[in-house]
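Right, one structure below, let's go through it.
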Number of protein chains: 2
Amino acid sequence: MEPIIQSRLETDFYKLTMGQVVFKKYRDLPVKFALKNRTASVPLARHISEAELRRELDHVMTLPLTNTEAHYIRGTNEYGDRMFDEKFIEFFKTFRLPPYRLEWGDEQLTLEFEGPWASVMHWEIPALSIVNELYYRSLMKGMSAFERECVYATGQLKLVEKVRLLLAHGKVTCCDFGLRRRFSRDRHDYAVRVMAEELPKQFLGTSNVYLAMKYGLLPMGTSAHELFMVLAGMFEGIYKEPFLEDALVASHRRVLDDWWGEFGQGLSIYLPDTFSTDFGLRCFTPEQGWAWKGMRHDSGDPYQWGEQKVIPYYRAIGVDPREKLAVFSDSLNVSSMIKLHDHFTGRIRPTFGWGTNLTNDFGFKTLSLVIKTVEACGQRLVKLSDNIAKAIGTPEDIARYAKAVGYSTDYNKECVS
Amino acid sequence: MEPIIQSRLETDFYKLTMGQVVFKKYRDLPVKFALKNRTASVPLARHISEAELRRELDHVMTLPLTNTEAHYIRGTNEYGDRMFDEKFIEFFKTFRLPPYRLEWGDEQLTLEFEGPWASVMHWEIPALSIVNELYYRSLMKGMSAFERECVYATGQLKLVEKVRLLLAHGKVTCCDFGLRRRFSRDRHDYAVRVMAEELPKQFLGTSNVYLAMKYGLLPMGTSAHELFMVLAGMFEGIYKEPFLEDALVASHRRVLDDWWGEFGQGLSIYLPDTFSTDFGLRCFTPEQGWAWKGMRHDSGDPYQWGEQKVIPYYRAIGVDPREKLAVFSDSLNVSSMIKLHDHFTGRIRPTFGWGTNLTNDFGFKTLSLVIKTVEACGQRLVKLSDNIAKAIGTPEDIARYAKAVGYSTDYNKECVS
């Protein structure tokens with residue numbers, strides 16, 4: 001069987017953009033990432049074979065960046081002229097992924113990655129894709145050939161239905177964010193190709209740099225909680241209690257400044273929910289609100305987010321929200337995209353980063369796996385988000401951060417993807 | 001059947017580098033290219049179907065430059081940081097190939113391309129590949145399946161033999177220059193892949209930009225007679241008789257200055273034989289001889305070229321020829337490469353641009369087809385070269401140019417490729 005990850009570019013585009021910022025400013029900062037299975041009811045360790053997982057992870061460590069892939073990265077200019085520096089490309093070509101730490105439990109497995117931030121961050125996406133695909137393979141293993149064919153046919157028909165519905169709603173635009181949770185390498189490739197061919201005006205691109213290169217699509221992505229979480233840890237180490245709120249504000253602002261400094265308006269989509277969108281908007285100056293292209297929604301009720309937080313934020317700083325993008329990216333499916341699109345069109349400009357439901361809709365329950373930064377500079381890290389079920393951190397740390405930022409949401413919704 | 005040319009990058013790398021110089025400095029200069037069958041014994045018009053040729057040429061005109069191909073060009077930095085300008089890439093993405101002019105004779109066909117130099121120059125390589133492949137297909141058409149299989153097996157064994165011989169002479173390095181004369185698209189792809197896999201240290205790259213991208217190889221090329229010929233025509237139009245020699249010297253120097261100005265040392269391999277190597281070396285100042293990396297041999301006796309012209313030239317300007325490259329590219333095969341390598345090693349640094357014999361060795365007589373610039377700015381163009389059989393131009397023009405530069409070679413060797 002072919003390896004699941006076959007290219008160094010089989011990662012999300014934002015890992016390259018964030019990677020350049022980290023490489024330039026925080027290269028050697030010690031960071032730890034860990035796998036978290038938010039679908040605790042699925043005993044991953046009983047489904048997946050340790051040997052297979054090791055083989056796949058080991059293979060990722062051997063992948064070179066080919067000359068053609070280096071040309072591709074160097075030639076990226078969709079968000080600013082030749083946005084990747086030669087020094088970063090050279091680093092991305094030559095760095096080694098640090099070793100992973102894998103422990104097999106009865107039900108769950110421990111998978112951690114520790115090392116200098118600029119290197120270790122590139123484990124997240126391939127590792128998630130691998131664990132996901134091995135899990136879905138395990139579900140298929142007991143099946144007959146006929147049953148497996150039914151699974152594929154189910155996925156096929158669901159994809160057809162998606163295409164038909166989107167064609168009937170020709171103003172809904174979206175892109176693929178589903179690499180990390182895909183059913184399989186092969187079906188992901190197929191779904192992206194079909195979307196690009198059938199919906200050339202609505203399907204804007206993919207976060208999977210390898211598929212963007214393969215099919216000549218726009219590589220897409222914004223930025224992740226990772227930047228805010230790690231910088232918060234770093235600043236907490238500097239500021240100490242009782243100045244946690246100051247540390248969070250200062251670190252948040254630093255991330256925003258770093259990002260704009262590196263990519264300017266080209267990539268200026270703000271992800272405000274790391275420590276709640278309320279906090280995120282408090283840190284976002286009017287000058288930033290004016291200049292940045294828009295924001296991304298990743299947790300909590302999306303209508304409330306738009307109506308009660310983001311649109312009022314723009315109005316308060318004197319900006320017409322209809323000039324701003326709202327990139328929805330939390331547990332979308334076609335009907336929720338259409339509903340959000342119809343609701344927000346004319347109020348703000350909605351578009352969609354479509355993940356799990358696009359690349360993993362084969363009749364199985366989806367798995368909510370994440371690999372998140374859990375430690376940096378010896379500090380345990382925290383994410384709150386607008387959905388407490390998506391929070392990361394120990395209960396004590398979450399409480400501490402919640403208190404510091406005045407976190408009050410009691411929105412709690414199972415993560416299905 | 002699939003089209004022969006399927007990518008805008010299926011051209012020689014030097015068409016892009018020369019293309020950038022032409023785009024910047026001589027974009028709209030009116031130029032005419034024409035097909036010349038130097039193997040007059042083969043009545044091309046009786047072999048090839050006009051409808052098929054038109055279909056293939058028409059298809060080339062429809063090919064877009066994909067986003068990924070644009071990334072690839074933009075990302076080229078092997079000969080200088082980001083050597084292709086955004087304006088040129090934009091032009092290469094959007095320009096239209098001018099219409100071709102095709103007339104069918106009893107034995108030969110007339111195929112001409114006329115238009116602004118920056119556009120029309122991009123016909124040469126795809127058109128040559130197409131005519132070649134259609135000719136070899138015609139030879140196969142009357143064959144039984146078994147006979148065709150024998151042709152492929154012959155090509156396969158000859159390739160094996162090439163690999164073996166080169167492995168046994170591990171210091172011989174070469175690259176693929178065989179796109180324009182290839183037996184077929186498919187066999188070219190195969191030969192390049194095999195060479196790259198089997199001879200990773202000896203096979204340095206390919207002139208075929210598409211295959212360089214596909215296999216992560218170094219795109220390679222120097223420059224062509226085209227630049228010298230067109231500029232000579234342009235300068236002749238300005239200087240007029242009896243100042244032809246002055247015009248040739250001035251145009252030659254202009255080309256050298258344009259080239260160095262655009263690419264500096266990265267691409268500084270001089271092709272001195274357009275109006276004979278003797279003339280070419282007279283135009284090449286000591287400063288240029290010192291700075292440029294080396295020269296390419298494309299006509300005449302290669303030993304005489306090296307021993308009596310190029311090595312003495314370097315010695316006369318006080319340069320150790322062992323620091324300079326000699327890129328041989330005229331009708332090579334493995335044994336001539338080995339012989340040249342053994343002869344010149346320790347005297348100058350030999351390497352090889354291997355064309356027809358690499359990509360078209362299937363037991364058939366090879367065809368010596370060229371598409372050359374024949375007119376520019378209303379002037380008929382001339383190439384002399386060091387082999388009078390390779391000369392281009394009317395007999396009167398050839399005589400005129402020969403007189404102006406003191407051309408005296410009586411080397412005349414049938415062009416077999």
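Residue numbers start at 1 in each chain; chains themselves are named A, B, ... in the order of the structure tokens; ligands are numbered from 1 in the order shown.
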
### Message
Need the shell around region 318-334 of chain A: protein/DNA/RNA residues with any atom at most 10 Å away, counting only C-alpha atoms. Skip same-chain ones fewer than 5 positions apart. Format as JSON, numbers by chain?
### Response
{"A": [161, 162, 163, 165, 166, 169, 172, 174, 175, 176, 177, 222, 269, 270, 271, 286, 289, 290, 291, 292, 293, 294, 295, 296, 297, 298, 299, 300, 301, 302, 306, 310, 311, 312, 313, 339, 340, 341, 344, 345, 346, 347, 348, 349, 350, 351, 352, 353, 354, 355, 356, 357, 358, 415, 416, 417]}

#### Entry: Interface, chain B side, toward chain A (10 Å; only C-alpha atoms) as number ranges by chain
B: 65-78, 81-82, 86, 212-218

### Minimum-distance residue to Glu149 (chain A), chosen among A:Arg27, A:Ile89, A:Phe362, A:Thr94 (using only C-alpha atoms)
A:Phe362

### Task
With a distance cut-off of 9 Å and only C-alpha atoms, select the neighbouring residues of region 277-283 of chain B, excluding the residue or stretch itself and same-chain residues fewer than 3 positions from it, and output the selection as a VMD selection string.
chain B and resid 249 to 250 252 to 253 271 to 274 289 297 305 309 to 310 313 385 to 386 405 to 407

Take the residues from that selection and put them in a file with all heavy atoms, as a compact mmCIF listing (two decimals), in the first residue's frame.
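Result written to part_36.txt:
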```
# COMPACT_ATOMS: atom_id res chain seq x y z
N VAL B 249 29.44 42.57 -36.40
CA VAL B 249 30.20 42.70 -35.15
C VAL B 249 29.34 43.42 -34.11
O VAL B 249 29.20 42.98 -32.96
CB VAL B 249 31.53 43.44 -35.38
CG1 VAL B 249 32.19 43.77 -34.04
CG2 VAL B 249 32.46 42.60 -36.26
N ALA B 250 28.73 44.52 -34.51
CA ALA B 250 27.95 45.31 -33.55
C ALA B 250 26.75 44.51 -33.04
O ALA B 250 26.43 44.53 -31.84
CB ALA B 250 27.48 46.61 -34.21
N HIS B 252 26.42 41.25 -32.92
CA HIS B 252 26.93 40.16 -32.08
C HIS B 252 27.22 40.67 -30.67
O HIS B 252 26.85 40.05 -29.68
CB HIS B 252 28.21 39.62 -32.73
CG HIS B 252 28.25 38.13 -32.77
ND1 HIS B 252 27.48 37.39 -33.62
CD2 HIS B 252 28.97 37.23 -32.05
CE1 HIS B 252 27.74 36.10 -33.44
NE2 HIS B 252 28.64 35.98 -32.48
N ARG B 253 27.88 41.81 -30.62
CA ARG B 253 28.22 42.37 -29.30
C ARG B 253 26.97 42.77 -28.53
O ARG B 253 26.90 42.63 -27.32
CB ARG B 253 29.17 43.58 -29.47
CG ARG B 253 30.51 43.12 -29.99
CD ARG B 253 31.60 44.16 -29.74
NE ARG B 253 32.89 43.56 -30.05
CZ ARG B 253 33.88 44.18 -30.69
NH1 ARG B 253 33.72 45.45 -31.04
NH2 ARG B 253 35.01 43.56 -30.92
N LEU B 271 27.48 30.74 -27.41
CA LEU B 271 27.36 29.92 -28.63
C LEU B 271 28.02 30.72 -29.75
O LEU B 271 27.42 31.65 -30.29
CB LEU B 271 25.87 29.70 -28.93
CG LEU B 271 25.50 28.96 -30.21
CD1 LEU B 271 25.96 27.51 -30.15
CD2 LEU B 271 23.99 29.03 -30.44
N PRO B 272 29.26 30.40 -30.09
CA PRO B 272 30.02 31.33 -30.93
C PRO B 272 29.93 31.09 -32.44
O PRO B 272 30.51 31.84 -33.21
CB PRO B 272 31.47 31.10 -30.45
CG PRO B 272 31.50 29.66 -30.07
CD PRO B 272 30.11 29.30 -29.59
N ASP B 273 29.18 30.08 -32.89
CA ASP B 273 29.36 29.64 -34.28
C ASP B 273 28.37 30.20 -35.30
O ASP B 273 28.38 29.79 -36.45
CB ASP B 273 29.35 28.11 -34.35
CG ASP B 273 27.94 27.56 -34.15
OD1 ASP B 273 27.10 28.26 -33.54
OD2 ASP B 273 27.68 26.44 -34.61
N THR B 274 27.52 31.14 -34.89
CA THR B 274 26.49 31.60 -35.83
C THR B 274 27.10 32.05 -37.16
O THR B 274 26.62 31.67 -38.23
CB THR B 274 25.67 32.76 -35.22
OG1 THR B 274 25.24 32.38 -33.92
CG2 THR B 274 24.45 33.08 -36.09
N GLY B 289 35.52 36.81 -22.17
CA GLY B 289 36.15 35.50 -22.04
C GLY B 289 36.46 35.16 -20.59
O GLY B 289 36.28 34.03 -20.15
N HIS B 297 29.53 24.10 -28.29
CA HIS B 297 29.88 23.65 -29.65
C HIS B 297 28.63 23.10 -30.32
O HIS B 297 27.96 22.23 -29.78
CB HIS B 297 30.94 22.56 -29.58
CG HIS B 297 31.17 21.91 -30.92
ND1 HIS B 297 30.52 20.75 -31.30
CD2 HIS B 297 31.92 22.31 -31.97
CE1 HIS B 297 30.89 20.44 -32.54
NE2 HIS B 297 31.74 21.36 -32.96
N TRP B 305 37.50 22.46 -33.10
CA TRP B 305 36.88 23.59 -32.41
C TRP B 305 37.57 23.82 -31.06
O TRP B 305 37.96 24.93 -30.71
CB TRP B 305 35.39 23.30 -32.23
CG TRP B 305 34.58 24.35 -31.53
CD1 TRP B 305 34.02 25.47 -32.10
CD2 TRP B 305 34.17 24.36 -30.15
NE1 TRP B 305 33.30 26.17 -31.16
CE2 TRP B 305 33.38 25.51 -29.94
CE3 TRP B 305 34.39 23.53 -29.06
CZ2 TRP B 305 32.80 25.84 -28.72
CZ3 TRP B 305 33.83 23.85 -27.82
CH2 TRP B 305 33.04 24.99 -27.66
N LYS B 309 40.64 26.41 -31.72
CA LYS B 309 39.95 27.68 -31.59
C LYS B 309 39.75 28.08 -30.11
O LYS B 309 40.26 29.09 -29.65
CB LYS B 309 38.60 27.63 -32.31
CG LYS B 309 38.73 27.38 -33.82
CD LYS B 309 37.36 27.25 -34.49
CE LYS B 309 37.45 26.55 -35.84
NZ LYS B 309 38.04 27.38 -36.91
N VAL B 310 38.99 27.26 -29.38
CA VAL B 310 38.55 27.71 -28.06
C VAL B 310 39.68 27.69 -27.03
O VAL B 310 39.90 28.69 -26.32
CB VAL B 310 37.34 26.86 -27.60
CG1 VAL B 310 36.96 27.22 -26.16
CG2 VAL B 310 36.16 27.11 -28.53
N TYR B 313 42.02 30.40 -27.75
CA TYR B 313 41.41 31.69 -27.39
C TYR B 313 41.62 31.97 -25.91
O TYR B 313 42.06 33.07 -25.52
CB TYR B 313 39.91 31.70 -27.74
CG TYR B 313 39.19 32.87 -27.11
CD1 TYR B 313 39.17 34.12 -27.73
CD2 TYR B 313 38.57 32.75 -25.86
CE1 TYR B 313 38.54 35.21 -27.14
CE2 TYR B 313 37.94 33.83 -25.25
CZ TYR B 313 37.93 35.06 -25.90
OH TYR B 313 37.33 36.13 -25.30
N SER B 385 27.55 28.97 -39.45
CA SER B 385 27.99 27.85 -38.62
C SER B 385 29.32 27.31 -39.14
O SER B 385 29.82 27.74 -40.18
CB SER B 385 26.94 26.74 -38.54
OG SER B 385 27.13 25.77 -39.54
N ASP B 386 29.88 26.36 -38.42
CA ASP B 386 31.17 25.79 -38.82
C ASP B 386 31.01 24.58 -39.74
O ASP B 386 31.99 23.89 -40.02
CB ASP B 386 31.98 25.40 -37.57
CG ASP B 386 32.39 26.62 -36.74
OD1 ASP B 386 32.58 27.71 -37.32
OD2 ASP B 386 32.49 26.49 -35.51
N VAL B 405 32.68 38.16 -43.08
CA VAL B 405 33.36 37.68 -41.87
C VAL B 405 34.62 36.88 -42.20
O VAL B 405 35.30 36.39 -41.30
CB VAL B 405 32.43 36.83 -40.97
CG1 VAL B 405 31.19 37.62 -40.57
CG2 VAL B 405 32.05 35.51 -41.63
N GLY B 406 34.94 36.77 -43.50
CA GLY B 406 36.11 35.99 -43.88
C GLY B 406 35.93 34.51 -43.60
O GLY B 406 36.84 33.83 -43.10
N TYR B 407 34.75 34.00 -43.93
CA TYR B 407 34.40 32.60 -43.65
C TYR B 407 35.12 31.71 -44.62
O TYR B 407 35.03 31.89 -45.84
CB TYR B 407 32.89 32.45 -43.82
CG TYR B 407 32.31 31.09 -43.49
CD1 TYR B 407 32.14 30.69 -42.17
CD2 TYR B 407 31.88 30.24 -44.50
CE1 TYR B 407 31.56 29.47 -41.86
CE2 TYR B 407 31.29 29.02 -44.20
CZ TYR B 407 31.14 28.63 -42.89
OH TYR B 407 30.56 27.44 -42.58
```

### Task
Rounded to one decimal place, report the CA of Glu287 (chain B)-CA of Pro242 (chain B) distance in Å.
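Going from CA of Glu287 (chain B) over to CA of Pro242 (chain B), I get 29.1 Å.
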
### Query
What is the CA of His188 (chain B) to CA of Asn132 (chain B) distance in Å?
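Computing it gives 12.2 Å between the two atoms.
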
### Task
List every residue of region 199-276 of chain A that DSSP, applied to the backbone of this structure, assigns to helix (DSSP H, G or I), and report them as a ChimeraX atom specification.
/A:209-215,225-239,244-267
